[in-house]
$ cat run-v7.tsv   # TSV, C-alpha atoms
chain	number	residue	atom	x	y	z
A	128	MET	CA	186.02	-63.35	266.81
A	129	PRO	CA	188.67	-62.17	264.34
A	130	LEU	CA	189.16	-58.45	263.88
A	131	PRO	CA	187.96	-57.09	260.53
A	132	SER	CA	190.56	-56.16	257.96
A	133	TRP	CA	190.75	-52.50	256.94
A	134	SER	CA	192.77	-50.59	254.39
A	135	ARG	CA	195.53	-48.55	256.00
A	136	ALA	CA	195.38	-46.12	253.09
A	137	ALA	CA	191.79	-45.20	253.93
A	138	LEU	CA	192.64	-42.96	256.90
A	139	PRO	CA	193.97	-39.40	257.02
A	140	GLU	CA	196.95	-38.70	259.27
A	141	ASP	CA	195.66	-40.32	262.44
A	142	TRP	CA	195.58	-37.31	264.79
A	143	GLN	CA	193.21	-35.51	262.42
A	144	VAL	CA	190.42	-37.94	263.32
A	145	ALA	CA	190.20	-36.36	266.80
A	146	GLY	CA	191.57	-32.91	265.93
A	147	PHE	CA	193.82	-30.35	267.60
A	148	GLY	CA	193.47	-28.69	271.00
A	149	LEU	CA	195.38	-26.44	273.38
A	150	TYR	CA	195.91	-26.98	277.10
A	151	ILE	CA	197.09	-24.10	279.29
A	152	HIS	CA	198.20	-24.89	282.84
A	153	TRP	CA	197.77	-22.35	285.63
A	154	PRO	CA	199.72	-23.83	288.56
A	155	PHE	CA	198.46	-21.77	291.50
A	156	CYS	CA	195.85	-22.50	294.18
A	157	GLN	CA	194.69	-20.75	297.33
A	158	ALA	CA	195.34	-23.95	299.29
A	159	LYS	CA	196.56	-27.47	298.55
A	160	CYS	CA	193.78	-30.05	298.88
A	161	PRO	CA	194.90	-33.13	300.83
A	162	TYR	CA	193.87	-35.59	298.09
A	163	CYS	CA	195.41	-33.63	295.18
A	164	ASP	CA	198.48	-34.87	293.30
A	165	PHE	CA	198.23	-32.33	290.47
A	166	ASN	CA	200.95	-29.79	289.80
A	167	SER	CA	199.58	-27.01	292.00
A	168	HIS	CA	201.31	-24.51	294.25
A	169	VAL	CA	200.34	-21.99	296.93
A	170	VAL	CA	202.21	-18.67	296.74
A	171	GLY	CA	201.82	-15.27	298.35
A	172	ALA	CA	201.79	-13.14	295.21
A	173	ILE	CA	201.55	-13.71	291.44
A	174	ASP	CA	202.88	-11.33	288.79
A	175	GLN	CA	200.09	-11.91	286.28
A	176	ALA	CA	201.60	-9.55	283.69
A	177	ARG	CA	204.76	-11.66	283.69
A	178	TRP	CA	202.75	-14.84	283.28
A	179	GLN	CA	200.76	-13.27	280.47
A	180	ALA	CA	203.92	-12.45	278.54
A	181	ALA	CA	205.15	-16.04	278.95
A	182	TYR	CA	201.87	-17.59	277.79
A	183	LEU	CA	201.70	-15.33	274.73
A	184	SER	CA	205.29	-16.17	273.83
A	185	GLU	CA	204.63	-19.91	274.10
A	186	ILE	CA	201.44	-19.73	272.03
A	187	ALA	CA	203.34	-17.91	269.29
A	188	ARG	CA	206.15	-20.50	269.39
A	189	VAL	CA	203.83	-23.49	269.11
A	190	GLY	CA	201.77	-21.67	266.51
A	191	ARG	CA	204.77	-21.42	264.20
A	192	GLU	CA	205.09	-25.22	264.24
A	193	THR	CA	201.38	-25.88	263.74
A	194	GLU	CA	200.53	-23.13	261.29
A	195	GLY	CA	197.34	-23.64	259.32
A	196	ARG	CA	195.69	-26.02	261.78
A	197	VAL	CA	192.10	-25.62	262.95
A	198	LEU	CA	191.90	-25.37	266.74
A	199	ARG	CA	188.94	-27.26	268.17
A	200	SER	CA	189.34	-26.60	271.89
A	201	VAL	CA	191.15	-24.63	274.56
A	202	PHE	CA	191.28	-25.78	278.17
A	203	PHE	CA	192.53	-23.69	281.10
A	204	GLY	CA	193.42	-26.25	283.78
A	205	GLY	CA	195.29	-26.20	287.04
A	206	GLY	CA	195.75	-25.46	289.78
A	207	THR	CA	192.90	-23.01	289.96
A	208	PRO	CA	192.56	-21.07	286.69
A	209	SER	CA	189.75	-18.98	288.17
A	210	LEU	CA	192.50	-17.16	290.05
A	211	MET	CA	193.57	-15.71	286.69
A	212	GLU	CA	192.50	-12.15	286.03
A	213	PRO	CA	189.90	-11.96	283.23
A	214	ASP	CA	192.18	-9.57	281.34
A	215	LEU	CA	194.88	-12.27	281.32
A	216	VAL	CA	192.45	-14.85	279.95
A	217	ALA	CA	191.32	-12.33	277.31
A	218	ALA	CA	194.90	-11.65	276.22
A	219	VAL	CA	195.62	-15.37	275.93
A	220	LEU	CA	192.52	-15.98	273.82
A	221	ASP	CA	193.24	-12.97	271.62
A	222	GLN	CA	196.66	-14.50	270.92
A	223	VAL	CA	195.06	-17.88	270.24
A	224	ARG	CA	192.70	-16.37	267.68
A	225	ALA	CA	195.60	-14.53	266.03
A	226	THR	CA	197.64	-17.73	265.83
A	227	TRP	CA	195.29	-20.47	264.61
A	228	ASN	CA	192.13	-20.88	262.61
A	229	VAL	CA	189.61	-21.35	265.42
A	230	ALA	CA	186.65	-23.64	264.76
A	231	ASN	CA	183.28	-21.91	264.80
A	232	ASP	CA	182.19	-24.22	267.61
A	233	CYS	CA	185.52	-24.14	269.46
A	234	GLU	CA	185.03	-25.25	273.07
A	235	ILE	CA	186.86	-22.97	275.51
A	236	THR	CA	186.77	-24.34	279.06
A	237	LEU	CA	188.04	-22.85	282.29
A	238	GLU	CA	188.23	-24.75	285.59
A	239	ALA	CA	186.89	-22.77	288.54
A	240	ASN	CA	186.54	-23.12	292.26
A	241	PRO	CA	183.09	-22.10	293.49
A	242	THR	CA	184.12	-19.47	295.99
A	243	SER	CA	182.32	-16.16	295.92
A	244	VAL	CA	185.49	-14.25	294.94
A	245	GLU	CA	186.19	-16.42	291.92
A	246	ALA	CA	182.55	-16.71	290.84
A	247	GLY	CA	182.44	-12.93	290.49
A	248	ARG	CA	184.89	-13.22	287.59
A	249	PHE	CA	182.55	-15.30	285.41
A	250	ALA	CA	181.22	-12.41	283.33
A	251	GLY	CA	184.78	-11.32	282.58
A	252	TYR	CA	185.73	-14.81	281.42
A	253	ARG	CA	182.65	-14.98	279.20
A	254	ASP	CA	183.53	-11.64	277.63
A	255	ALA	CA	187.05	-12.94	277.02
A	256	GLY	CA	185.66	-15.89	275.05
A	257	VAL	CA	185.27	-18.70	277.58
A	258	ASN	CA	182.11	-20.65	276.77
A	259	ARG	CA	182.28	-23.55	279.22
A	260	VAL	CA	183.11	-23.69	282.94
A	261	SER	CA	184.00	-26.73	285.02
A	262	LEU	CA	183.35	-26.21	288.74
A	263	GLY	CA	185.31	-28.10	291.40
A	264	VAL	CA	182.35	-28.69	293.74
A	265	GLN	CA	183.52	-32.13	295.04
A	266	ALA	CA	180.79	-32.54	297.71
A	267	LEU	CA	177.35	-31.11	298.53
A	268	ASN	CA	177.68	-30.91	302.32
A	269	ASP	CA	179.90	-28.75	304.49
A	270	ALA	CA	181.33	-31.50	306.69
A	271	ASP	CA	182.70	-33.44	303.73
A	272	LEU	CA	183.94	-30.29	302.03
A	273	LYS	CA	185.94	-29.47	305.16
A	274	ALA	CA	187.35	-33.00	305.30
A	275	LEU	CA	188.41	-32.66	301.65
A	276	GLY	CA	190.20	-29.40	302.41
A	277	ARG	CA	187.91	-27.30	300.24
A	278	LEU	CA	187.61	-23.59	300.95
A	279	HIS	CA	183.99	-23.17	299.85
A	280	SER	CA	180.74	-24.15	301.53
A	281	ALA	CA	177.92	-26.10	299.91
A	282	GLU	CA	175.86	-22.90	299.82
A	283	GLU	CA	178.67	-21.05	298.02
A	284	ALA	CA	178.93	-23.89	295.53
A	285	MET	CA	175.24	-23.68	294.70
A	286	ARG	CA	175.39	-19.90	294.32
A	287	ALA	CA	178.38	-20.23	292.02
A	288	PHE	CA	176.61	-22.90	290.00
A	289	ASP	CA	173.50	-20.74	289.60
A	290	LEU	CA	175.64	-17.82	288.50
A	291	ALA	CA	177.60	-19.98	286.08
A	292	ARG	CA	174.37	-21.26	284.51
A	293	SER	CA	173.22	-17.67	284.00
A	294	VAL	CA	176.51	-16.70	282.31
A	295	PHE	CA	177.59	-19.77	280.32
A	296	ASP	CA	175.70	-22.10	278.02
A	297	ARG	CA	177.70	-25.10	279.22
A	298	VAL	CA	178.56	-25.90	282.85
A	299	SER	CA	180.13	-29.01	284.33
A	300	PHE	CA	181.03	-29.86	287.87
A	301	ASP	CA	183.07	-32.47	289.71
A	302	LEU	CA	182.05	-34.66	292.62
A	303	ILE	CA	184.14	-37.14	294.58
A	304	TYR	CA	182.55	-40.29	296.01
A	305	ALA	CA	183.68	-43.12	298.31
A	306	ARG	CA	184.60	-40.43	300.80
A	307	GLN	CA	185.25	-40.99	304.49
A	308	GLY	CA	182.09	-42.04	306.29
A	309	GLN	CA	180.00	-41.99	303.12
A	310	SER	CA	177.39	-44.73	302.69
A	311	LEU	CA	175.81	-45.95	299.47
A	312	ALA	CA	172.55	-44.28	300.49
A	313	ASP	CA	174.40	-41.00	301.11
A	314	TRP	CA	175.95	-41.10	297.66
A	315	ARG	CA	172.72	-42.01	295.89
A	316	ALA	CA	170.97	-39.05	297.52
A	317	GLU	CA	173.82	-36.64	296.76
A	318	LEU	CA	174.08	-37.71	293.14
A	319	GLY	CA	170.31	-37.34	292.75
A	320	ARG	CA	170.56	-33.76	294.03
A	321	ALA	CA	173.36	-33.03	291.59
A	322	LEU	CA	171.34	-34.31	288.64
A	323	ASP	CA	168.35	-32.21	289.71
A	324	LEU	CA	170.41	-29.05	289.19
A	325	ALA	CA	170.08	-29.16	285.39
A	326	VAL	CA	173.80	-29.49	284.94
A	327	ASP	CA	174.80	-30.85	281.51
A	328	HIS	CA	178.04	-32.66	282.44
A	329	LEU	CA	179.31	-34.37	285.58
A	330	SER	CA	182.79	-35.69	286.36
A	331	LEU	CA	182.38	-38.27	289.12
A	332	TYR	CA	185.59	-39.57	290.64
A	333	GLN	CA	186.12	-42.25	293.24
A	334	LEU	CA	188.42	-40.91	295.96
A	335	THR	CA	191.89	-42.25	295.25
A	336	ILE	CA	194.63	-42.13	297.85
A	337	GLU	CA	197.80	-41.03	296.06
A	338	ASP	CA	201.35	-41.26	297.36
A	339	GLY	CA	202.88	-37.90	298.12
A	340	THR	CA	199.60	-36.26	299.15
A	341	ALA	CA	198.46	-35.38	302.67
A	342	PHE	CA	195.83	-38.10	302.43
A	343	GLY	CA	198.51	-40.54	301.29
A	344	ASP	CA	200.63	-39.76	304.34
A	345	ARG	CA	197.65	-40.11	306.69
A	346	PHE	CA	196.61	-43.38	305.09
A	347	ALA	CA	200.12	-44.80	305.42
A	348	ALA	CA	200.09	-43.84	309.11
A	349	GLY	CA	196.71	-45.52	309.64
A	350	LYS	CA	195.01	-42.19	310.39
A	351	LEU	CA	192.66	-41.92	307.39
A	352	ARG	CA	189.64	-43.70	308.80
A	353	GLY	CA	186.15	-44.38	307.56
A	354	LEU	CA	186.93	-45.06	303.90
A	355	PRO	CA	184.43	-47.43	302.23
A	356	ASP	CA	185.82	-50.89	301.59
A	357	ASP	CA	186.28	-52.18	298.03
A	358	ASP	CA	182.83	-53.80	297.87
A	359	ASP	CA	181.07	-50.64	299.06
A	360	ALA	CA	183.07	-48.51	296.63
A	361	ALA	CA	182.14	-50.88	293.79
A	362	ASP	CA	178.47	-50.59	294.79
A	363	MET	CA	178.81	-46.79	294.59
A	364	TYR	CA	180.32	-47.09	291.12
A	365	PHE	CA	177.48	-49.24	289.81
A	366	ALA	CA	174.89	-47.01	291.47
A	367	THR	CA	176.51	-44.05	289.70
A	368	GLN	CA	176.06	-45.73	286.33
A	369	GLU	CA	172.45	-46.69	287.07
A	370	ILE	CA	171.38	-43.26	288.37
A	371	CYS	CA	173.12	-41.25	285.66
A	372	GLU	CA	171.89	-43.50	282.85
A	373	ALA	CA	168.32	-43.16	284.09
A	374	ALA	CA	168.73	-39.37	284.06
A	375	GLY	CA	170.01	-39.35	280.47
A	376	PHE	CA	173.66	-38.90	281.44
A	377	ARG	CA	175.58	-41.65	279.68
A	378	ALA	CA	179.02	-42.54	281.03
A	379	TYR	CA	180.82	-41.63	277.82
A	380	GLU	CA	184.13	-42.15	279.69
A	381	VAL	CA	184.92	-44.06	282.87
A	382	SER	CA	184.44	-41.05	285.18
A	383	ASN	CA	182.54	-38.63	282.96
A	384	HIS	CA	178.80	-38.42	282.33
A	385	ALA	CA	177.00	-36.05	280.00
A	386	ALA	CA	173.68	-35.25	278.42
A	387	SER	CA	173.66	-35.97	274.69
A	388	GLY	CA	175.96	-33.56	272.84
A	389	GLN	CA	177.48	-32.13	276.04
A	390	GLU	CA	180.59	-34.31	276.20
A	391	SER	CA	183.88	-32.50	276.83
A	392	ARG	CA	185.29	-31.99	273.35
A	393	HIS	CA	188.71	-31.14	274.72
A	394	ASN	CA	189.01	-34.34	276.75
A	395	LEU	CA	187.79	-36.34	273.76
A	396	ILE	CA	190.86	-35.10	271.89
A	397	TYR	CA	193.00	-36.77	274.58
A	398	TRP	CA	190.98	-39.98	274.71
A	399	GLN	CA	190.75	-40.27	270.93
A	400	SER	CA	194.48	-39.62	270.41
A	401	GLY	CA	194.28	-36.25	268.71
A	402	ASP	CA	197.04	-33.66	268.85
A	403	TYR	CA	197.25	-31.11	271.64
A	404	ALA	CA	199.76	-28.50	272.66
A	405	GLY	CA	200.55	-28.23	276.37
A	406	ILE	CA	201.65	-24.83	277.67
A	407	GLY	CA	202.57	-23.97	281.26
A	408	PRO	CA	204.52	-25.70	284.05
A	409	GLY	CA	204.03	-29.45	284.05
A	410	ALA	CA	201.90	-29.44	280.88
A	411	HIS	CA	202.21	-32.39	278.51
A	412	GLY	CA	201.43	-32.41	274.80
A	413	ARG	CA	201.25	-34.61	271.74
A	414	LEU	CA	202.17	-33.08	268.39
A	415	THR	CA	202.40	-34.79	265.01
A	416	LEU	CA	204.90	-32.87	262.87
A	417	GLY	CA	206.16	-34.07	259.51
A	418	GLY	CA	204.66	-37.51	260.10
A	419	THR	CA	206.43	-37.97	263.45
A	420	ARG	CA	204.44	-37.93	266.69
A	421	TRP	CA	206.19	-36.18	269.56
A	422	ALA	CA	205.56	-36.24	273.29
A	423	THR	CA	206.23	-32.82	274.81
A	424	GLN	CA	206.67	-31.87	278.45
A	425	THR	CA	207.63	-28.86	280.51
A	426	PRO	CA	209.34	-28.27	283.88
A	427	LEU	CA	207.04	-28.75	286.87
A	428	GLY	CA	208.19	-25.77	288.89
A	429	PRO	CA	206.35	-22.51	288.10
A	430	THR	CA	209.44	-20.35	288.68
A	431	GLU	CA	211.65	-22.68	286.66
A	432	TRP	CA	209.19	-22.73	283.74
A	433	LEU	CA	208.71	-18.96	283.75
A	434	ARG	CA	212.42	-18.25	283.82
A	435	GLN	CA	213.08	-20.77	281.06
A	436	VAL	CA	210.53	-19.09	278.77
A	437	GLU	CA	212.04	-15.69	279.45
A	438	ARG	CA	215.62	-16.92	279.05
A	439	ASP	CA	215.33	-19.40	276.18
A	440	GLY	CA	212.13	-18.42	274.38
A	441	SER	CA	210.71	-21.89	275.03
A	442	GLY	CA	209.14	-23.51	278.08
A	443	GLU	CA	209.57	-27.05	276.78
A	444	GLY	CA	211.94	-29.73	277.92
A	445	ALA	CA	213.40	-32.32	275.57
A	446	ARG	CA	210.87	-33.87	273.21
A	447	GLU	CA	210.48	-37.62	272.81
A	448	VAL	CA	209.64	-39.38	269.57
A	449	LEU	CA	206.78	-41.82	270.00
A	450	SER	CA	207.40	-45.08	268.16
A	451	GLU	CA	204.63	-46.94	266.35
A	452	ALA	CA	204.40	-49.24	269.38
A	453	ASP	CA	204.11	-46.24	271.73
A	454	ARG	CA	201.38	-44.68	269.58
A	455	LEU	CA	199.39	-47.90	269.52
A	456	THR	CA	199.74	-48.37	273.28
A	457	GLU	CA	198.52	-44.82	273.97
A	458	PHE	CA	195.66	-45.24	271.52
A	459	LEU	CA	194.43	-48.32	273.39
A	460	LEU	CA	195.10	-47.01	276.91
A	461	MET	CA	193.19	-43.81	276.23
A	462	GLY	CA	190.54	-44.98	273.79
A	463	LEU	CA	189.33	-47.96	275.80
A	464	ARG	CA	188.41	-45.55	278.61
A	465	LEU	CA	185.53	-44.42	276.40
A	466	HIS	CA	182.12	-46.07	276.43
A	467	ASP	CA	182.31	-46.37	272.64
A	468	GLY	CA	185.87	-47.67	272.74
A	469	VAL	CA	188.18	-47.45	269.72
A	470	ALA	CA	187.37	-47.56	266.02
A	471	LEU	CA	188.50	-50.85	264.52
A	472	GLU	CA	189.60	-49.04	261.38
A	473	ARG	CA	192.02	-46.85	263.32
A	474	LEU	CA	193.18	-49.78	265.43
A	475	GLU	CA	194.11	-51.71	262.31
A	476	ALA	CA	195.77	-48.69	260.70
A	477	LEU	CA	197.95	-48.22	263.81
A	478	GLY	CA	199.10	-51.85	263.72
A	479	GLY	CA	196.67	-53.28	266.26
A	480	ASP	CA	196.84	-56.69	264.63
A	481	ILE	CA	199.85	-57.44	266.87
A	482	TYR	CA	197.40	-57.68	269.78
A	483	ALA	CA	194.73	-59.57	267.83
A	484	ASN	CA	195.18	-62.79	269.81
A	485	ASN	CA	194.88	-60.96	273.14
A	486	ILE	CA	191.87	-58.98	271.97
A	487	ASN	CA	190.07	-61.98	270.54
A	488	GLY	CA	190.73	-63.94	273.73
A	489	LEU	CA	189.24	-61.13	275.85
A	490	VAL	CA	186.26	-60.91	273.51
A	491	ASP	CA	185.71	-64.66	273.93
A	492	ILE	CA	185.56	-64.37	277.74
A	493	GLY	CA	183.36	-61.27	277.64
A	494	GLN	CA	185.79	-58.62	278.90
A	495	LEU	CA	185.86	-56.87	275.52
A	496	GLU	CA	183.12	-56.65	272.94
A	497	ILE	CA	182.80	-55.54	269.34
A	498	ALA	CA	179.94	-53.10	268.92
A	499	GLY	CA	179.44	-52.20	265.27
A	500	ASP	CA	182.76	-50.84	264.04
A	501	HIS	CA	184.22	-50.28	267.51
A	502	LEU	CA	186.04	-52.36	270.10
A	503	ARG	CA	185.12	-51.52	273.68
A	504	VAL	CA	185.36	-52.78	277.24
A	505	ALA	CA	182.20	-54.63	278.27
A	506	PRO	CA	180.22	-52.56	280.82
A	507	LEU	CA	180.56	-55.14	283.59
A	508	TYR	CA	184.35	-54.92	283.37
A	509	ARG	CA	184.73	-51.14	283.23
A	510	PRO	CA	185.38	-50.93	287.02
A	511	VAL	CA	188.46	-53.13	286.46
A	512	LEU	CA	189.58	-51.33	283.32
A	513	ASN	CA	193.27	-51.40	284.24
A	514	GLY	CA	193.21	-55.18	284.48
A	515	VAL	CA	191.53	-55.46	281.08
A	516	LEU	CA	194.12	-53.13	279.57
A	517	ARG	CA	196.94	-55.27	280.97
A	518	GLY	CA	195.35	-58.22	279.24
A	519	VAL	CA	195.12	-56.36	275.92
A	520	LEU	CA	198.76	-55.24	276.01
A	521	ALA	CA	200.29	-58.44	277.43
A	522	ASP	CA	203.36	-59.75	275.55
$ encode --input "run-v7.tsv" --output "structure tokens"
Amino acid sequence: MPLPSWSRAALPEDWQVAGFGLYIHWPFCQAKCPYCDFNSHVVGAIDQARWQAAYLSEIARVGRETEGRVLRSVFFGGGTPSLMEPDLVAAVLDQVRATWNVANDCEITLEANPTSVEAGRFAGYRDAGVNRVSLGVQALNDADLKALGRLHSAEEAMRAFDLARSVFDRVSFDLIYARQGQSLADWRAELGRALDLAVDHLSLYQLTIEDGTAFGDRFAAGKLRGLPDDDDAADMYFATQEICEAAGFRAYEVSNHAASGQESRHNLIYWQSGDYAGIGPGAHGRLTLGGTRWATQTPLGPTEWLRQVERDGSGEGAREVLSEADRLTEFLLMGLRLHDGVALERLEALGGDIYANNINGLVDIGQLEIAGDHLRVAPLYRPVLNGVLRGVLAD
């Protein structure tokens, strides 16, 4: 099936289709989870006033380059951003509002761990301007929480969730499946309980064993036992789709399910190839300036990043220009994660015709499908998305 032909002149500058967001990385945690490969660090003390000054400086710097833009989302990620003092979050958001035109419906999300200490900060975050919280629940029973290295109990998680629902209009939480010793029946029951909680968004991740983590070391040594085999994990994936769909929670992205209208607007900026500024240690960004799209990155180490901001007035490392080929590759890698896939009009405008033979071949064998004006991965092949993407981008 040949791809439709579209006029390249019909589109605005491409990033504007998805909009502009801000990511702020808080790199600290109370403990390092054994499965986690994120840029997170455990330290004895944090000078939050010093971090506040650095964040405000970086927001002002990026704001000078992106003056006049409308900001659609802010995301405090980590690490554990719920270790931030509410006054720090308030100062950051005050600076954000002074720097950009903020959309009336701007989504401002903060990731939180559901311990009693951190949950008590929710009202302060709300007063600062946070309007969405994402809770790192991960499991709904104490034995599995302990195995995952989590510091909260299932009871604490439920108390934190109830409090979050009373404070914020929008609440999401994360669960991990295909855990050690977990059966398909276990997961179906746990997911059913999660959906009964009137949550509006769920991020449901299959446990992945990453190199460089404690779980990765145990797995390499043959000491991480009881993991479901590939067939059982696939059954859990398909059960997840079935149960969530029946509950009105469409898988709008491979691992993310939401009630209608409750999708994460910030993450959609990533997946739809919008622009976003990344501030904080290890934060990445994509900025289109003067018609050139730049990849930005920062030092991973918290101390290194902080000192660089204070010394140089910038926490960024060297920027990289993204070529047209790079932009197209990112557009496909990110956009085909979405249930709706990528708009054919944008694909053509970004030069997607160079992959037309690959795409048409995958459409012919049913791995890709054209749905209206979008190209997407067929539902049956979403569990093997990476393989489909390799087929799309093959030379």
$ atom_distance --input "run-v7.tsv" --atom1 "atom CA of A:Asn231" --atom2 "atom CA of A:Ser200"
10.4 Å
$ atom_distance --input "run-v7.tsv" --atom1 "atom CA of A:Glu337" --atom2 "atom CA of A:Asp301"
18.2 Å
$ atom_distance --input "run-v7.tsv" --atom1 "atom CA of A:Met461" --atom2 "atom CA of A:Thr207"
24.9 Å
$ residues_near_point --input "run-v7.tsv" --point "(189.9, -33.0, 275.2)" --cutoff "9 Å" --atoms "all atoms listed in the file" --output "mmCIF file with C-alpha atoms, in the coordinates of the input"
data_model
loop_
_atom_site.group_PDB
_atom_site.id
_atom_site.type_symbol
_atom_site.label_atom_id
_atom_site.label_comp_id
_atom_site.auth_asym_id
_atom_site.auth_seq_id
_atom_site.Cartn_x
_atom_site.Cartn_y
_atom_site.Cartn_z
ATOM 1 C CA PHE A 147 193.820 -30.350 267.600
ATOM 2 C CA GLY A 148 193.470 -28.690 271.000
ATOM 3 C CA LEU A 149 195.380 -26.440 273.380
ATOM 4 C CA TYR A 150 195.910 -26.980 277.100
ATOM 5 C CA SER A 200 189.340 -26.600 271.890
ATOM 6 C CA VAL A 201 191.150 -24.630 274.560
ATOM 7 C CA PHE A 202 191.280 -25.780 278.170
ATOM 8 C CA SER A 391 183.880 -32.500 276.830
ATOM 9 C CA ARG A 392 185.290 -31.990 273.350
ATOM 10 C CA HIS A 393 188.710 -31.140 274.720
ATOM 11 C CA ASN A 394 189.010 -34.340 276.750
ATOM 12 C CA LEU A 395 187.790 -36.340 273.760
ATOM 13 C CA ILE A 396 190.860 -35.100 271.890
ATOM 14 C CA TYR A 397 193.000 -36.770 274.580
ATOM 15 C CA TRP A 398 190.980 -39.980 274.710
ATOM 16 C CA GLN A 399 190.750 -40.270 270.930
ATOM 17 C CA GLY A 401 194.280 -36.250 268.710
ATOM 18 C CA TYR A 403 197.250 -31.110 271.640
#
$ closest_residue --input "run-v7.tsv" --among "A:Gly308, A:Gly388, A:Pro408, A:Gly247" --to "A:Leu351" --atoms "all atoms listed in the file"
A:Gly308
$ axis_aligned_box --input "run-v7.tsv" --around "stretch 415-430 of chain A" --padding-each-side "8 Å" --output "AutoDock Vina command-line options"
--center_x 205.9 --center_y -29.2 --center_z 274.2 --size_x 23.0 --size_y 33.6 --size_z 45.4
$ closest_residue --input "run-v7.tsv" --among "A:Val219, A:Leu463, A:Ala521, A:Leu311" --to "A:Val504" --atoms "all atoms listed in the file"
A:Leu463
$ closest_residue --input "run-v7.tsv" --among "A:Arg224, A:Thr430, A:Leu477, A:Ala505" --to "A:Val490" --atoms "all atoms listed in the file"
A:Ala505
$ closest_residue --input "run-v7.tsv" --among "A:Val257, A:Ala361, A:Leu433, A:Ile481" --to "A:Ala176" --atoms "only C-alpha atoms"
A:Leu433
$ build_atoms --input "run-v7.tsv" --residues "stretch 413-424 of chain A" --atoms "N, CA, C and O atoms" --output "mmCIF file, in the coordinates of the input"
data_model
loop_
_atom_site.group_PDB
_atom_site.id
_atom_site.type_symbol
_atom_site.label_atom_id
_atom_site.label_comp_id
_atom_site.auth_asym_id
_atom_site.auth_seq_id
_atom_site.Cartn_x
_atom_site.Cartn_y
_atom_site.Cartn_z
ATOM 1 N N ARG A 413 200.998 -33.658 272.813
ATOM 2 C CA ARG A 413 201.250 -34.610 271.740
ATOM 3 C C ARG A 413 201.107 -33.860 270.420
ATOM 4 O O ARG A 413 200.034 -33.328 270.131
ATOM 5 N N LEU A 414 202.181 -33.800 269.646
ATOM 6 C CA LEU A 414 202.170 -33.080 268.390
ATOM 7 C C LEU A 414 202.705 -33.969 267.274
ATOM 8 O O LEU A 414 203.781 -34.566 267.414
ATOM 9 N N THR A 415 201.968 -34.051 266.185
ATOM 10 C CA THR A 415 202.400 -34.790 265.010
ATOM 11 C C THR A 415 202.933 -33.782 264.003
ATOM 12 O O THR A 415 202.186 -32.940 263.498
ATOM 13 N N LEU A 416 204.223 -33.849 263.731
ATOM 14 C CA LEU A 416 204.900 -32.870 262.870
ATOM 15 C C LEU A 416 205.719 -33.629 261.836
ATOM 16 O O LEU A 416 206.575 -34.454 262.202
ATOM 17 N N GLY A 417 205.419 -33.397 260.567
ATOM 18 C CA GLY A 417 206.160 -34.070 259.510
ATOM 19 C C GLY A 417 206.036 -35.574 259.570
ATOM 20 O O GLY A 417 206.976 -36.294 259.216
ATOM 21 N N GLY A 418 204.885 -36.076 260.022
ATOM 22 C CA GLY A 418 204.660 -37.510 260.100
ATOM 23 C C GLY A 418 205.204 -38.174 261.348
ATOM 24 O O GLY A 418 204.984 -39.367 261.563
ATOM 25 N N THR A 419 205.904 -37.432 262.195
ATOM 26 C CA THR A 419 206.430 -37.970 263.450
ATOM 27 C C THR A 419 205.600 -37.444 264.607
ATOM 28 O O THR A 419 205.302 -36.257 264.687
ATOM 29 N N ARG A 420 205.216 -38.338 265.511
ATOM 30 C CA ARG A 420 204.440 -37.930 266.690
ATOM 31 C C ARG A 420 205.397 -37.742 267.862
ATOM 32 O O ARG A 420 206.177 -38.631 268.199
ATOM 33 N N TRP A 421 205.304 -36.563 268.474
ATOM 34 C CA TRP A 421 206.190 -36.180 269.560
ATOM 35 C C TRP A 421 205.417 -36.069 270.863
ATOM 36 O O TRP A 421 204.298 -35.566 270.886
ATOM 37 N N ALA A 422 206.047 -36.512 271.943
ATOM 38 C CA ALA A 422 205.560 -36.240 273.290
ATOM 39 C C ALA A 422 206.317 -35.036 273.812
ATOM 40 O O ALA A 422 207.551 -35.014 273.796
ATOM 41 N N THR A 423 205.585 -34.017 274.260
ATOM 42 C CA THR A 423 206.230 -32.820 274.810
ATOM 43 C C THR A 423 205.939 -32.719 276.297
ATOM 44 O O THR A 423 204.925 -33.220 276.780
ATOM 45 N N GLN A 424 206.844 -32.075 277.014
ATOM 46 C CA GLN A 424 206.670 -31.870 278.450
ATOM 47 C C GLN A 424 207.409 -30.613 278.851
ATOM 48 O O GLN A 424 208.241 -30.093 278.098
#
